[in-house]
file my_file_18.txt (compact mmCIF, N, CA, C and O atoms and all ligand atoms)
# COMPACT_ATOMS: atom_id res chain seq x y z
N MET A 1 142.89 104.55 147.61
CA MET A 1 142.87 104.38 146.17
C MET A 1 141.93 105.41 145.54
O MET A 1 140.76 105.48 145.88
N SER A 2 142.46 106.19 144.63
CA SER A 2 141.62 107.21 144.01
C SER A 2 141.35 106.87 142.55
O SER A 2 142.18 106.24 141.88
N LEU A 3 140.21 107.28 142.08
CA LEU A 3 139.86 107.03 140.69
C LEU A 3 140.64 107.96 139.77
O LEU A 3 140.83 109.13 140.10
N PRO A 4 141.09 107.44 138.63
CA PRO A 4 141.71 108.37 137.68
C PRO A 4 140.69 109.38 137.16
O PRO A 4 139.49 109.12 137.19
N ASP A 5 141.19 110.50 136.69
CA ASP A 5 140.30 111.59 136.25
C ASP A 5 139.29 111.15 135.19
O ASP A 5 138.15 111.60 135.20
N THR A 6 139.75 110.27 134.31
CA THR A 6 138.86 109.87 133.22
C THR A 6 137.66 109.06 133.71
O THR A 6 136.70 108.88 133.01
N GLN A 7 137.75 108.55 134.92
CA GLN A 7 136.66 107.73 135.45
C GLN A 7 135.54 108.56 136.09
O GLN A 7 134.50 108.05 136.42
N VAL A 8 135.82 109.84 136.29
CA VAL A 8 134.80 110.69 136.91
C VAL A 8 133.60 110.80 135.98
O VAL A 8 133.74 111.18 134.82
N THR A 9 132.45 110.42 136.46
CA THR A 9 131.25 110.51 135.64
C THR A 9 130.61 111.88 135.85
O THR A 9 129.96 112.11 136.86
N ALA A 10 130.83 112.75 134.89
CA ALA A 10 130.28 114.09 134.99
C ALA A 10 128.78 114.06 134.71
O ALA A 10 128.35 113.44 133.75
N GLN A 11 128.02 114.68 135.56
CA GLN A 11 126.59 114.80 135.31
C GLN A 11 126.39 115.84 134.20
O GLN A 11 127.05 116.87 134.21
N PRO A 12 125.48 115.54 133.25
CA PRO A 12 125.26 116.55 132.20
C PRO A 12 124.63 117.82 132.79
O PRO A 12 123.86 117.74 133.75
N THR A 13 124.99 118.94 132.24
CA THR A 13 124.40 120.20 132.69
C THR A 13 122.96 120.30 132.20
O THR A 13 122.52 119.51 131.34
N GLU A 14 122.23 121.28 132.73
CA GLU A 14 120.84 121.49 132.29
C GLU A 14 120.78 121.74 130.79
O GLU A 14 119.90 121.24 130.11
N GLU A 15 121.75 122.51 130.30
CA GLU A 15 121.77 122.82 128.87
C GLU A 15 121.97 121.55 128.04
O GLU A 15 121.32 121.37 127.01
N GLN A 16 122.87 120.68 128.50
CA GLN A 16 123.11 119.44 127.77
C GLN A 16 121.87 118.56 127.78
O GLN A 16 121.51 117.97 126.77
N ARG A 17 121.22 118.50 128.95
CA ARG A 17 119.99 117.70 129.03
C ARG A 17 118.94 118.22 128.06
O ARG A 17 118.26 117.44 127.38
N ALA A 18 118.79 119.53 128.00
CA ALA A 18 117.80 120.13 127.09
C ALA A 18 118.16 119.79 125.65
O ALA A 18 117.28 119.50 124.83
N GLU A 19 119.45 119.79 125.34
CA GLU A 19 119.90 119.47 123.99
C GLU A 19 119.63 117.99 123.67
O GLU A 19 119.21 117.66 122.56
N PHE A 20 119.87 117.11 124.63
CA PHE A 20 119.57 115.68 124.42
C PHE A 20 118.11 115.51 124.06
O PHE A 20 117.76 114.78 123.13
N LYS A 21 117.24 116.18 124.83
CA LYS A 21 115.80 116.04 124.60
C LYS A 21 115.40 116.58 123.24
O LYS A 21 114.59 116.00 122.53
N ARG A 22 115.98 117.73 122.88
CA ARG A 22 115.66 118.34 121.61
C ARG A 22 116.08 117.41 120.46
O ARG A 22 115.30 117.15 119.54
N LEU A 23 117.32 116.88 120.53
CA LEU A 23 117.79 115.98 119.48
C LEU A 23 116.97 114.71 119.42
O LEU A 23 116.69 114.18 118.35
N PHE A 24 116.58 114.22 120.60
CA PHE A 24 115.77 113.00 120.62
C PHE A 24 114.44 113.22 119.89
O PHE A 24 114.00 112.38 119.12
N LEU A 25 113.81 114.38 120.13
CA LEU A 25 112.54 114.67 119.48
C LEU A 25 112.70 114.73 117.96
O LEU A 25 111.85 114.24 117.22
N VAL A 26 113.81 115.33 117.50
CA VAL A 26 114.08 115.40 116.06
C VAL A 26 114.21 113.99 115.50
O VAL A 26 113.60 113.65 114.48
N ARG A 27 114.98 113.15 116.20
CA ARG A 27 115.21 111.78 115.71
C ARG A 27 113.93 110.95 115.74
O ARG A 27 113.66 110.18 114.82
N ARG A 28 113.14 111.13 116.80
CA ARG A 28 111.89 110.39 116.89
C ARG A 28 110.95 110.82 115.77
O ARG A 28 110.25 110.01 115.17
N GLY A 29 110.93 112.14 115.47
CA GLY A 29 110.08 112.66 114.39
C GLY A 29 110.47 112.07 113.05
O GLY A 29 109.61 111.62 112.30
N ARG A 30 111.78 112.01 112.78
CA ARG A 30 112.28 111.43 111.53
C ARG A 30 111.88 109.98 111.43
O ARG A 30 111.45 109.50 110.39
N ARG A 31 112.08 109.26 112.54
CA ARG A 31 111.78 107.83 112.56
C ARG A 31 110.31 107.59 112.26
O ARG A 31 109.95 106.73 111.46
N ARG A 32 109.44 108.38 112.91
CA ARG A 32 108.01 108.21 112.70
C ARG A 32 107.64 108.53 111.26
O ARG A 32 106.78 107.86 110.67
N LEU A 33 108.27 109.55 110.70
CA LEU A 33 107.97 109.94 109.32
C LEU A 33 108.32 108.82 108.33
O LEU A 33 107.49 108.46 107.49
N VAL A 34 109.53 108.26 108.44
CA VAL A 34 109.93 107.22 107.47
C VAL A 34 109.09 105.96 107.68
O VAL A 34 108.72 105.31 106.71
N VAL A 35 108.80 105.62 108.93
CA VAL A 35 108.01 104.40 109.19
C VAL A 35 106.58 104.59 108.68
O VAL A 35 106.02 103.72 108.02
N ALA A 36 106.00 105.78 108.93
CA ALA A 36 104.63 106.05 108.47
C ALA A 36 104.56 106.05 106.94
O ALA A 36 103.62 105.51 106.36
N THR A 37 105.60 106.62 106.30
CA THR A 37 105.64 106.62 104.83
C THR A 37 105.70 105.20 104.31
O THR A 37 104.99 104.84 103.36
N PHE A 38 106.53 104.38 104.94
CA PHE A 38 106.66 103.00 104.51
C PHE A 38 105.32 102.26 104.64
O PHE A 38 104.88 101.59 103.70
N LEU A 39 104.67 102.41 105.78
CA LEU A 39 103.38 101.73 105.99
C LEU A 39 102.34 102.21 104.99
O LEU A 39 101.56 101.42 104.46
N ALA A 40 102.34 103.52 104.69
CA ALA A 40 101.39 104.07 103.73
C ALA A 40 101.64 103.47 102.34
O ALA A 40 100.69 103.10 101.64
N LEU A 41 102.91 103.35 101.97
CA LEU A 41 103.25 102.77 100.66
C LEU A 41 102.83 101.30 100.57
O LEU A 41 102.29 100.86 99.56
N VAL A 42 103.06 100.56 101.66
CA VAL A 42 102.66 99.15 101.69
C VAL A 42 101.15 99.06 101.47
O VAL A 42 100.66 98.24 100.68
N LEU A 43 100.42 99.92 102.17
CA LEU A 43 98.96 99.92 102.08
C LEU A 43 98.51 100.24 100.65
O LEU A 43 97.64 99.57 100.09
N VAL A 44 99.12 101.26 100.05
CA VAL A 44 98.76 101.67 98.69
C VAL A 44 98.99 100.53 97.70
O VAL A 44 98.12 100.19 96.90
N VAL A 45 100.17 99.90 97.77
CA VAL A 45 100.49 98.80 96.86
C VAL A 45 99.51 97.64 97.07
O VAL A 45 99.02 97.03 96.12
N PHE A 46 99.21 97.36 98.33
CA PHE A 46 98.28 96.28 98.66
C PHE A 46 96.90 96.55 98.04
O PHE A 46 96.31 95.66 97.42
N ILE A 47 96.43 97.79 98.19
CA ILE A 47 95.12 98.15 97.65
C ILE A 47 95.13 98.06 96.12
O ILE A 47 94.20 97.53 95.50
N LEU A 48 96.22 98.54 95.49
CA LEU A 48 96.32 98.48 94.03
C LEU A 48 96.23 97.04 93.53
O LEU A 48 95.55 96.74 92.56
N ARG A 49 96.90 96.16 94.23
CA ARG A 49 96.89 94.75 93.81
C ARG A 49 95.53 94.12 94.02
O ARG A 49 95.04 93.36 93.19
N LEU A 50 94.90 94.49 95.15
CA LEU A 50 93.55 93.96 95.41
C LEU A 50 92.59 94.39 94.32
O LEU A 50 91.72 93.64 93.91
N ARG A 51 92.73 95.62 93.86
CA ARG A 51 91.83 96.15 92.84
C ARG A 51 92.21 95.71 91.44
O ARG A 51 91.54 96.08 90.48
N GLY A 52 93.31 94.98 91.32
CA GLY A 52 93.72 94.49 90.02
C GLY A 52 94.24 95.56 89.09
O GLY A 52 94.15 95.43 87.88
N VAL A 53 94.78 96.65 89.68
CA VAL A 53 95.37 97.70 88.84
C VAL A 53 96.68 97.17 88.26
O VAL A 53 97.54 96.70 88.99
N ASP A 54 96.79 97.24 86.92
CA ASP A 54 97.96 96.66 86.27
C ASP A 54 99.20 97.53 86.36
O ASP A 54 100.30 97.05 86.55
N GLU A 55 98.99 98.83 86.20
CA GLU A 55 100.16 99.71 86.26
C GLU A 55 99.77 101.09 86.76
O GLU A 55 98.63 101.53 86.62
N VAL A 56 100.76 101.75 87.36
CA VAL A 56 100.58 103.12 87.83
C VAL A 56 101.74 103.93 87.31
O VAL A 56 102.91 103.54 87.47
N LEU A 57 101.42 105.06 86.66
CA LEU A 57 102.45 105.92 86.06
C LEU A 57 103.36 105.12 85.12
O LEU A 57 104.57 105.34 85.08
N GLY A 58 102.76 104.18 84.41
CA GLY A 58 103.53 103.41 83.44
C GLY A 58 104.40 102.32 84.04
O GLY A 58 105.13 101.65 83.33
N VAL A 59 104.33 102.15 85.36
CA VAL A 59 105.14 101.11 86.00
C VAL A 59 104.20 100.00 86.47
O VAL A 59 103.20 100.28 87.13
N PRO A 60 104.49 98.74 86.13
CA PRO A 60 103.63 97.63 86.55
C PRO A 60 103.51 97.57 88.08
O PRO A 60 104.50 97.82 88.79
N SER A 61 102.31 97.24 88.58
CA SER A 61 102.08 97.22 90.03
C SER A 61 103.05 96.30 90.75
O SER A 61 103.47 96.57 91.87
N GLY A 62 103.39 95.18 90.08
CA GLY A 62 104.32 94.23 90.70
C GLY A 62 105.65 94.89 91.03
O GLY A 62 106.26 94.64 92.06
N ARG A 63 106.07 95.80 90.16
CA ARG A 63 107.36 96.45 90.39
C ARG A 63 107.27 97.46 91.54
O ARG A 63 108.24 97.67 92.26
N TRP A 64 106.11 98.07 91.72
CA TRP A 64 105.93 98.98 92.86
C TRP A 64 106.18 98.24 94.17
O TRP A 64 106.75 98.78 95.11
N GLY A 65 105.75 96.96 94.19
CA GLY A 65 106.00 96.14 95.38
C GLY A 65 107.48 96.04 95.67
O GLY A 65 107.91 96.16 96.81
N LEU A 66 108.27 95.86 94.60
CA LEU A 66 109.73 95.78 94.76
C LEU A 66 110.30 97.09 95.28
O LEU A 66 111.16 97.11 96.14
N TYR A 67 109.77 98.20 94.72
CA TYR A 67 110.25 99.52 95.16
C TYR A 67 109.97 99.72 96.65
O TYR A 67 110.81 100.23 97.39
N VAL A 68 108.77 99.32 97.05
CA VAL A 68 108.40 99.49 98.46
C VAL A 68 109.29 98.63 99.35
O VAL A 68 109.73 99.06 100.42
N LEU A 69 109.59 97.43 98.85
CA LEU A 69 110.50 96.56 99.60
C LEU A 69 111.87 97.23 99.75
O LEU A 69 112.47 97.24 100.83
N GLY A 70 112.34 97.82 98.66
CA GLY A 70 113.61 98.55 98.69
C GLY A 70 113.57 99.69 99.69
O GLY A 70 114.51 99.92 100.45
N TYR A 71 112.46 100.41 99.69
CA TYR A 71 112.29 101.50 100.64
C TYR A 71 112.31 100.98 102.07
O TYR A 71 112.87 101.61 102.97
N GLY A 72 111.71 99.79 102.26
CA GLY A 72 111.71 99.17 103.59
C GLY A 72 113.13 98.88 104.07
O GLY A 72 113.48 99.13 105.22
N VAL A 73 113.97 98.39 103.15
CA VAL A 73 115.38 98.11 103.49
C VAL A 73 116.08 99.41 103.86
O VAL A 73 116.81 99.48 104.85
N LEU A 74 115.82 100.47 103.08
CA LEU A 74 116.42 101.77 103.38
C LEU A 74 115.96 102.29 104.75
O LEU A 74 116.73 102.89 105.49
N THR A 75 114.68 102.03 105.06
CA THR A 75 114.13 102.47 106.35
C THR A 75 114.90 101.82 107.50
O THR A 75 115.24 102.48 108.48
N VAL A 76 115.17 100.52 107.35
CA VAL A 76 115.91 99.80 108.39
C VAL A 76 117.33 100.36 108.51
O VAL A 76 117.81 100.64 109.62
N LEU A 77 117.99 100.57 107.37
CA LEU A 77 119.35 101.13 107.39
C LEU A 77 119.35 102.51 108.03
O LEU A 77 120.22 102.84 108.83
N PHE A 78 118.35 103.32 107.66
CA PHE A 78 118.25 104.67 108.21
C PHE A 78 118.08 104.61 109.73
O PHE A 78 118.68 105.41 110.47
N SER A 79 117.29 103.64 110.20
CA SER A 79 117.06 103.51 111.64
C SER A 79 118.35 103.24 112.39
O SER A 79 118.56 103.75 113.49
N PHE A 80 119.23 102.45 111.79
CA PHE A 80 120.51 102.14 112.44
C PHE A 80 121.31 103.42 112.68
O PHE A 80 121.97 103.57 113.70
N VAL A 81 121.22 104.34 111.72
CA VAL A 81 121.99 105.59 111.82
C VAL A 81 121.26 106.58 112.72
O VAL A 81 121.86 107.26 113.57
N ASN A 82 119.96 106.66 112.52
CA ASN A 82 119.17 107.71 113.18
C ASN A 82 118.79 107.39 114.62
O ASN A 82 118.83 108.28 115.47
N TRP A 83 118.42 106.13 114.87
CA TRP A 83 117.82 105.80 116.16
C TRP A 83 118.88 105.52 117.22
O TRP A 83 119.08 104.38 117.63
N ARG A 84 119.56 106.61 117.61
CA ARG A 84 120.62 106.51 118.59
C ARG A 84 120.42 107.54 119.68
O ARG A 84 119.81 108.57 119.47
N CYS A 85 120.97 107.23 120.83
CA CYS A 85 120.90 108.15 121.95
C CYS A 85 121.73 109.39 121.62
O CYS A 85 122.88 109.26 121.21
N PRO A 86 121.17 110.59 121.80
CA PRO A 86 121.93 111.81 121.50
C PRO A 86 123.10 112.01 122.47
O PRO A 86 124.05 112.72 122.15
N ALA A 87 123.04 111.37 123.64
CA ALA A 87 124.09 111.56 124.64
C ALA A 87 125.26 110.60 124.42
O ALA A 87 126.41 111.01 124.36
N CYS A 88 124.98 109.29 124.30
CA CYS A 88 126.07 108.32 124.20
C CYS A 88 126.22 107.76 122.79
O CYS A 88 127.16 107.03 122.52
N ASN A 89 125.26 108.09 121.91
CA ASN A 89 125.31 107.67 120.50
C ASN A 89 125.20 106.16 120.32
O ASN A 89 125.62 105.63 119.29
N ARG A 90 124.67 105.45 121.30
CA ARG A 90 124.47 104.02 121.11
C ARG A 90 123.03 103.76 120.69
O ARG A 90 122.14 104.58 120.96
N ALA A 91 122.81 102.64 120.01
CA ALA A 91 121.50 102.34 119.45
C ALA A 91 120.44 102.25 120.54
O ALA A 91 120.69 101.71 121.62
N LEU A 92 119.26 102.80 120.26
CA LEU A 92 118.15 102.74 121.21
C LEU A 92 117.33 101.46 121.04
O LEU A 92 116.35 101.25 121.74
N GLY A 93 117.73 100.63 120.08
CA GLY A 93 117.07 99.34 119.91
C GLY A 93 115.63 99.47 119.49
O GLY A 93 115.26 100.40 118.80
N ARG A 94 114.82 98.53 119.95
CA ARG A 94 113.44 98.50 119.48
C ARG A 94 112.51 99.32 120.36
O ARG A 94 111.30 99.30 120.17
N TYR A 95 113.07 100.03 121.34
CA TYR A 95 112.21 100.86 122.18
C TYR A 95 111.72 102.04 121.36
O TYR A 95 112.51 102.81 120.84
N GLY A 96 110.40 102.14 121.25
CA GLY A 96 109.83 103.13 120.36
C GLY A 96 109.82 104.52 120.93
O GLY A 96 109.95 105.51 120.21
N ASN A 97 109.67 104.62 122.24
CA ASN A 97 109.48 105.95 122.82
C ASN A 97 110.03 105.99 124.24
O ASN A 97 109.29 106.23 125.19
N PRO A 98 111.35 105.75 124.39
CA PRO A 98 111.92 105.68 125.74
C PRO A 98 112.00 107.05 126.42
O PRO A 98 112.22 108.05 125.75
N ARG A 99 111.80 107.08 127.71
CA ARG A 99 111.92 108.34 128.46
C ARG A 99 113.39 108.60 128.82
O ARG A 99 113.81 109.74 128.96
N PHE A 100 114.13 107.49 128.99
CA PHE A 100 115.55 107.60 129.31
C PHE A 100 116.31 106.66 128.39
O PHE A 100 115.76 105.66 127.94
N CYS A 101 117.59 106.98 128.15
CA CYS A 101 118.44 106.04 127.43
C CYS A 101 118.72 104.88 128.38
O CYS A 101 119.18 105.12 129.52
N PHE A 102 118.45 103.64 127.95
CA PHE A 102 118.65 102.50 128.88
C PHE A 102 120.11 102.13 128.99
O PHE A 102 120.47 101.27 129.78
N ARG A 103 120.96 102.79 128.20
CA ARG A 103 122.39 102.50 128.30
C ARG A 103 123.14 103.49 129.17
O ARG A 103 123.93 103.11 130.00
N CYS A 104 122.89 104.79 128.95
CA CYS A 104 123.65 105.79 129.72
C CYS A 104 122.76 106.55 130.70
O CYS A 104 123.27 107.29 131.53
N GLY A 105 121.44 106.36 130.61
CA GLY A 105 120.54 107.00 131.57
C GLY A 105 120.20 108.45 131.26
O GLY A 105 119.56 109.11 132.06
N ALA A 106 120.64 108.95 130.09
CA ALA A 106 120.33 110.33 129.74
C ALA A 106 118.82 110.51 129.58
O ALA A 106 118.16 109.66 129.00
N PRO A 107 118.27 111.60 130.12
CA PRO A 107 116.84 111.85 129.93
C PRO A 107 116.57 112.25 128.48
O PRO A 107 117.28 113.06 127.91
N LEU A 108 115.56 111.62 127.90
CA LEU A 108 115.26 111.88 126.48
C LEU A 108 113.97 112.65 126.30
O LEU A 108 113.73 113.21 125.24
N GLN A 109 113.14 112.67 127.34
CA GLN A 109 111.86 113.41 127.21
C GLN A 109 111.58 114.15 128.51
O GLN A 109 111.93 113.68 129.56
ZN ZN B 201 122.63 107.05 126.01

call {"tool": "encode", "arguments": {"input": "my_file_18.txt", "output": "structure tokens", "more": "lines below"}}
Ligand SMILES: [Zn+2]
result
Amino acid sequence: MSLPDTQVTAQPTEEQRAEFKRLFLVRRGRRRLVVATFLALVLVVFILRLRGVDEVLGVPSGRWGLYVLGYGVLTVLFSFVNWRCPACNRALGRYGNPRFCFRCGAPLQ
């Protein structure tokens, strides 16, 4: 019994592996940037409220909280699109810094 051609699991070439790693670094960088921005915004709004600042740039502080919440929702949506394995394109889940894709085994770092 022989396997059909489509079942042959081709090992990625060195070039493909290098490309997976490069894309992973780009995606990890993006993810860190949006998450860090979100945390910074949360901190800023928190400090403003603690200090009793009523408004910033003409916008009430309470509304900034809503904006930050909206940004948080966008961050989550962005993660669904961005945080994927460059090789198999499946979600990397909550693993923050995986060395390998736990689904297809592609080296990411
Ligand atoms: Zn994968």

call {"tool": "residues_near_ligand", "arguments": {"input": "my_file_18.txt", "ligand": "ligand ZN 201 (chain B)", "cutoff": "7 Å", "atoms": "all atoms listed in the file", "output": "number ranges by chain"}}
result
A: 84-90, 100-106

call {"tool": "residues_around", "arguments": {"input": "my_file_18.txt", "residues": "stretch 21-35 of chain A", "least_positions_apart": "2", "cutoff": "8 Å", "atoms": "all atoms listed in the file", "output": "count of residues only"}}
result
31

call {"tool": "select_by_dssp", "arguments": {"input": "my_file_18.txt", "residues": "chain A", "states": "alpha helix (DSSP H)", "output": "VMD selection string"}}
result
chain A and resid 14 to 50 61 to 82

call {"tool": "select_by_dssp", "arguments": {"input": "my_file_18.txt", "residues": "chain A", "states": "strand (DSSP E or B)", "output": "NGL selection string"}}
result
:A and (55-56 or 59-60 or 84 or 91 or 100 or 107)

call {"tool": "atom_distance", "arguments": {"input": "my_file_18.txt", "atom1": "atom C of A:Ile47", "atom2": "atom O of A:Val76"}}
result
26.5 Å

call {"tool": "closest_residue", "arguments": {"input": "my_file_18.txt", "among": "A:Leu92, A:Leu77, A:Ala10, A:Val45", "to": "A:Trp64", "atoms": "all atoms listed in the file"}}
result
A:Val45

call {"tool": "atom_distance", "arguments": {"input": "my_file_18.txt", "atom1": "atom N of A:Phe46", "atom2": "atom C of A:Leu66"}}
result
11.5 Å

call {"tool": "atom_distance", "arguments": {"input": "my_file_18.txt", "atom1": "atom O of A:Tyr95", "atom2": "atom C of A:Tyr67"}}
result
24.5 Å
